[in-house]
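Asker: Here it is, the structure, as structure tokens.
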Amino acid sequence: MTDLILEQIKLLSKQLKVPTFSHYPDIVRQSDPDTGFDELLLKLMKSEYEQRQENNNRRRLKQACFPYTKTLDELDLSRYDGKISDVFMNELASCRFIDEKKNLVMIGNPGRGKTHIAIGIGLKACSSGMSVLFKNAASLSTELMEARDNYSLGKLEKKIRSVDLLILDEMGYVSFDRYQSELLFKVIADRSERGSIIVTTNLAFSEWTSLFENSAMVAALVDRLTFKSYILDMNGESYRLEHTKRNS
């Protein structure tokens with residue numbers, strides 16, 4: 001292959017937005033000398049497809065804004081005393097509940113792996129081609145208030161509403177004023193039966209009145225979150241505390 005032809009292939013690959021086609025010489029070198037044109041073309045197309053899938057997944061991961069990476073494979077289910085079975089975890093990992101617009105609420109004291117599970121499911125969803133958004137509940141309330149003050153609330157609400165899975169982490173560590181409560185309620189209400197939410201919280205639902213000023217709003221909020229939902233009681237000894245004891 002002449003340098004001129006190779007340069008033309010690179011140029012056209014870029015213009016046609018099939019960048020892997022510029023690696024045509026590599027595909028040829030790695031193939032059997034008797035490989036036909038149709039087989040080489042198929043290999044090129046597969047390479048382009050795989051690269052696009054990888055790029056799309058990388059973009060979904062960036063947009064999800066996970067604080068760190070935790071996979072479900074790293075999770076030790078024996079710590080939950082039979083409350084979470086392998087079968088149930090595999091069901092969550094399949095992300096079918098997201099397709100079915102169901103929610104997942106994990107209730108338990110700190111250090112029980114709630115955020116770990118939420119991120120692990122979020123990563124599975126991204127790899128399955130779903131859009132995910134991870135938000136700390138307190139940070140989101142502040143972000144919503146700032147967006148309201150900057151006249152960009154509609155844009156932010158649309159972004160949150162459009163994702164397949166919204167993860168609201170650490171609901172329960174900070175209380176919300178009237179305006180924050182109303183904005184958070186709207187975010188959750190807008191997704192009711194339209195998109196899945198994962199909520200992690202250290203408080204039982206009966207204690208949520210300490211978070212929101214309006215008890216009627218709490219009742220409506222819980223009603224929307226628990227409809228078509230999985231509720232996990234994850235209370236128990238903190239894994240972090242247990243790990244510290246074991247290594248002290």
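In the structure tokens, chains take letters A, B, ... by order of appearance, with residues numbered from 1 within each chain and ligands from 1 in the order shown.
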Where does segment 62-91 of chain A meet segment 154-178 of chain A within 12 Å, residue by residue, with the nearest atom pair and distance in Å to one decimal for each, counting only C-alpha atoms, listed by chain and rising number, as a tab-separated table?

Answerer:
```
residue	atom	partner	partner_atom	distance
A:Gln63	CA	A:Val163	CA	10.1
A:Ala64	CA	A:Leu166	CA	9.0
A:Cys65	CA	A:Ile167	CA	10.4
A:Phe66	CA	A:Ile167	CA	9.6
A:Pro67	CA	A:Asp169	CA	10.7
```

Asker: With the cut-off set at 12 Å and counting only C-alpha atoms, tabulate each residue of segment 68-186 of chain A with an atom at most that distance from an atom of segment 195-198 of chain A, showing the nearest atom pair and its distance in Å to one decimal, ordered by chain and increasing number, as JSON lines.

Answerer:
```
{"residue": "A:Leu92", "atom": "CA", "partner": "A:Ile198", "partner_atom": "CA", "distance": 11.1}
{"residue": "A:Cys95", "atom": "CA", "partner": "A:Ser196", "partner_atom": "CA", "distance": 10.1}
{"residue": "A:Arg96", "atom": "CA", "partner": "A:Ser196", "partner_atom": "CA", "distance": 10.5}
{"residue": "A:Phe97", "atom": "CA", "partner": "A:Ser196", "partner_atom": "CA", "distance": 7.7}
{"residue": "A:Ile98", "atom": "CA", "partner": "A:Ser196", "partner_atom": "CA", "distance": 5.4}
{"residue": "A:Asp99", "atom": "CA", "partner": "A:Ser196", "partner_atom": "CA", "distance": 8.2}
{"residue": "A:Glu100", "atom": "CA", "partner": "A:Ser196", "partner_atom": "CA", "distance": 8.1}
{"residue": "A:Lys101", "atom": "CA", "partner": "A:Ser196", "partner_atom": "CA", "distance": 4.8}
{"residue": "A:Lys102", "atom": "CA", "partner": "A:Ser196", "partner_atom": "CA", "distance": 5.3}
{"residue": "A:Asn103", "atom": "CA", "partner": "A:Ile197", "partner_atom": "CA", "distance": 4.9}
{"residue": "A:Leu104", "atom": "CA", "partner": "A:Ile198", "partner_atom": "CA", "distance": 4.7}
{"residue": "A:Val105", "atom": "CA", "partner": "A:Ile198", "partner_atom": "CA", "distance": 5.7}
{"residue": "A:Met106", "atom": "CA", "partner": "A:Ile198", "partner_atom": "CA", "distance": 7.8}
{"residue": "A:Ile107", "atom": "CA", "partner": "A:Ile198", "partner_atom": "CA", "distance": 11.0}
{"residue": "A:Lys114", "atom": "CA", "partner": "A:Ile198", "partner_atom": "CA", "distance": 10.0}
{"residue": "A:Thr115", "atom": "CA", "partner": "A:Ile198", "partner_atom": "CA", "distance": 9.7}
{"residue": "A:His116", "atom": "CA", "partner": "A:Ile198", "partner_atom": "CA", "distance": 11.9}
{"residue": "A:Ile117", "atom": "CA", "partner": "A:Ile198", "partner_atom": "CA", "distance": 9.8}
{"residue": "A:Ala118", "atom": "CA", "partner": "A:Ile198", "partner_atom": "CA", "distance": 6.8}
{"residue": "A:Ile119", "atom": "CA", "partner": "A:Ile198", "partner_atom": "CA", "distance": 9.8}
{"residue": "A:Gly120", "atom": "CA", "partner": "A:Ile198", "partner_atom": "CA", "distance": 11.6}
{"residue": "A:Ile121", "atom": "CA", "partner": "A:Ile198", "partner_atom": "CA", "distance": 9.3}
{"residue": "A:Gly122", "atom": "CA", "partner": "A:Ile198", "partner_atom": "CA", "distance": 9.3}
{"residue": "A:Ala125", "atom": "CA", "partner": "A:Ser196", "partner_atom": "CA", "distance": 11.3}
{"residue": "A:Met130", "atom": "CA", "partner": "A:Ser196", "partner_atom": "CA", "distance": 11.2}
{"residue": "A:Ser131", "atom": "CA", "partner": "A:Gly195", "partner_atom": "CA", "distance": 10.7}
{"residue": "A:Val132", "atom": "CA", "partner": "A:Ser196", "partner_atom": "CA", "distance": 9.7}
{"residue": "A:Leu133", "atom": "CA", "partner": "A:Ile197", "partner_atom": "CA", "distance": 9.7}
{"residue": "A:Phe134", "atom": "CA", "partner": "A:Ile198", "partner_atom": "CA", "distance": 9.3}
{"residue": "A:Lys135", "atom": "CA", "partner": "A:Ile198", "partner_atom": "CA", "distance": 10.3}
{"residue": "A:Asn136", "atom": "CA", "partner": "A:Ile198", "partner_atom": "CA", "distance": 11.4}
{"residue": "A:Ala137", "atom": "CA", "partner": "A:Ile198", "partner_atom": "CA", "distance": 11.3}
{"residue": "A:Ile160", "atom": "CA", "partner": "A:Gly195", "partner_atom": "CA", "distance": 9.8}
{"residue": "A:Arg161", "atom": "CA", "partner": "A:Gly195", "partner_atom": "CA", "distance": 7.5}
{"residue": "A:Ser162", "atom": "CA", "partner": "A:Gly195", "partner_atom": "CA", "distance": 8.1}
{"residue": "A:Val163", "atom": "CA", "partner": "A:Gly195", "partner_atom": "CA", "distance": 7.4}
{"residue": "A:Asp164", "atom": "CA", "partner": "A:Gly195", "partner_atom": "CA", "distance": 5.6}
{"residue": "A:Leu165", "atom": "CA", "partner": "A:Ser196", "partner_atom": "CA", "distance": 5.0}
{"residue": "A:Leu166", "atom": "CA", "partner": "A:Ile197", "partner_atom": "CA", "distance": 4.8}
{"residue": "A:Ile167", "atom": "CA", "partner": "A:Ile198", "partner_atom": "CA", "distance": 4.7}
{"residue": "A:Leu168", "atom": "CA", "partner": "A:Ile198", "partner_atom": "CA", "distance": 6.1}
{"residue": "A:Asp169", "atom": "CA", "partner": "A:Ile198", "partner_atom": "CA", "distance": 7.9}
{"residue": "A:Glu170", "atom": "CA", "partner": "A:Ile198", "partner_atom": "CA", "distance": 10.7}
{"residue": "A:Met171", "atom": "CA", "partner": "A:Ile198", "partner_atom": "CA", "distance": 10.7}
```

Asker: From a backbone DSSP assignment, name each residue in segment 45-172 of chain A labelled helix (DSSP H, G or I), as a PyMOL selection string.

Answerer: chain A and resi 45-64+72-74+77-80+86-93+96-99+114-127+137-149+153-162

Asker: Give me, as a VMD selection string, all polymer residues having an atom no more than 9 Å from Met234 of chain A, counting only C-alpha atoms and skipping those fewer than 6 positions away in the same chain.

Answerer: chain A and resid 80 83 to 84 106 to 109 112 to 114

Asker: Suppose we keep N, CA and C atoms; can you now write the selection as a CSV table (one decimal), in the first residue's frame?

Answerer:
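Once everything was written out, this is part29.csv:
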```csv
chain,number,residue,atom,x,y,z
A,80,TYR,N,-24.3,-9.7,55.2
A,80,TYR,CA,-25.7,-9.3,55.3
A,80,TYR,C,-26.6,-10.3,56.0
A,83,LYS,N,-29.8,-11.4,54.4
A,83,LYS,CA,-30.8,-10.4,53.9
A,83,LYS,C,-30.7,-10.2,52.4
A,84,ILE,N,-29.5,-10.4,51.9
A,84,ILE,CA,-29.3,-10.2,50.4
A,84,ILE,C,-28.7,-11.5,49.8
A,106,MET,N,-32.3,1.6,49.9
A,106,MET,CA,-31.5,0.9,50.9
A,106,MET,C,-31.4,1.7,52.1
A,107,ILE,N,-31.9,1.1,53.2
A,107,ILE,CA,-31.9,1.7,54.5
A,107,ILE,C,-31.0,1.0,55.5
A,108,GLY,N,-30.1,1.8,56.1
A,108,GLY,CA,-29.1,1.1,57.0
A,108,GLY,C,-28.1,2.1,57.6
A,109,ASN,N,-27.5,1.7,58.7
A,109,ASN,CA,-26.5,2.6,59.3
A,109,ASN,C,-25.3,2.7,58.5
A,112,ARG,N,-22.4,0.1,55.7
A,112,ARG,CA,-23.0,-1.1,55.4
A,112,ARG,C,-23.0,-1.4,53.9
A,113,GLY,N,-22.3,-0.6,53.1
A,113,GLY,CA,-22.1,-0.9,51.7
A,113,GLY,C,-23.2,-0.4,50.8
A,114,LYS,N,-24.1,0.5,51.3
A,114,LYS,CA,-25.2,1.0,50.5
A,114,LYS,C,-24.7,1.7,49.3
```

Asker: Which residue, A:Met45, A:Leu183, A:Thr226, A:Ser127, has the smallest gap to Glu146 of chain A when you use only C-alpha atoms?

Answerer: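 The answer is A:Leu183, which sits nearest to Glu146 of chain A.
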
Asker: Have a look at atom CA of Met217 of chain A and atom CA of Val187 of chain A and let me know their distance in Å, one decimal.

Answerer: 12.9 Å

Asker: Would you mind listing what lies within 9 Å of Ala220 of chain A as a list in words, with only C-alpha atoms counted and same-chain residues fewer than 4 positions away left out?

Answerer: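 Neighbouring residues, sequence-local ones excluded: Phe185, Ala189, Ser215, Ala216, Arg224 and Leu225 of chain A.
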
Asker: I'd like to know which residues of segment 157-239 of chain A are strand (DSSP E or B) (by DSSP, run on the backbone); could you write them as a list in words?

Answerer: Leu165, Leu166, Ile167, Leu168, Asp169, Glu170, Met171, Ser196, Ile197, Ile198, Val199, Thr200, Thr201, Ser229, Tyr230, Ile231, Leu232 and Asp233 of chain A
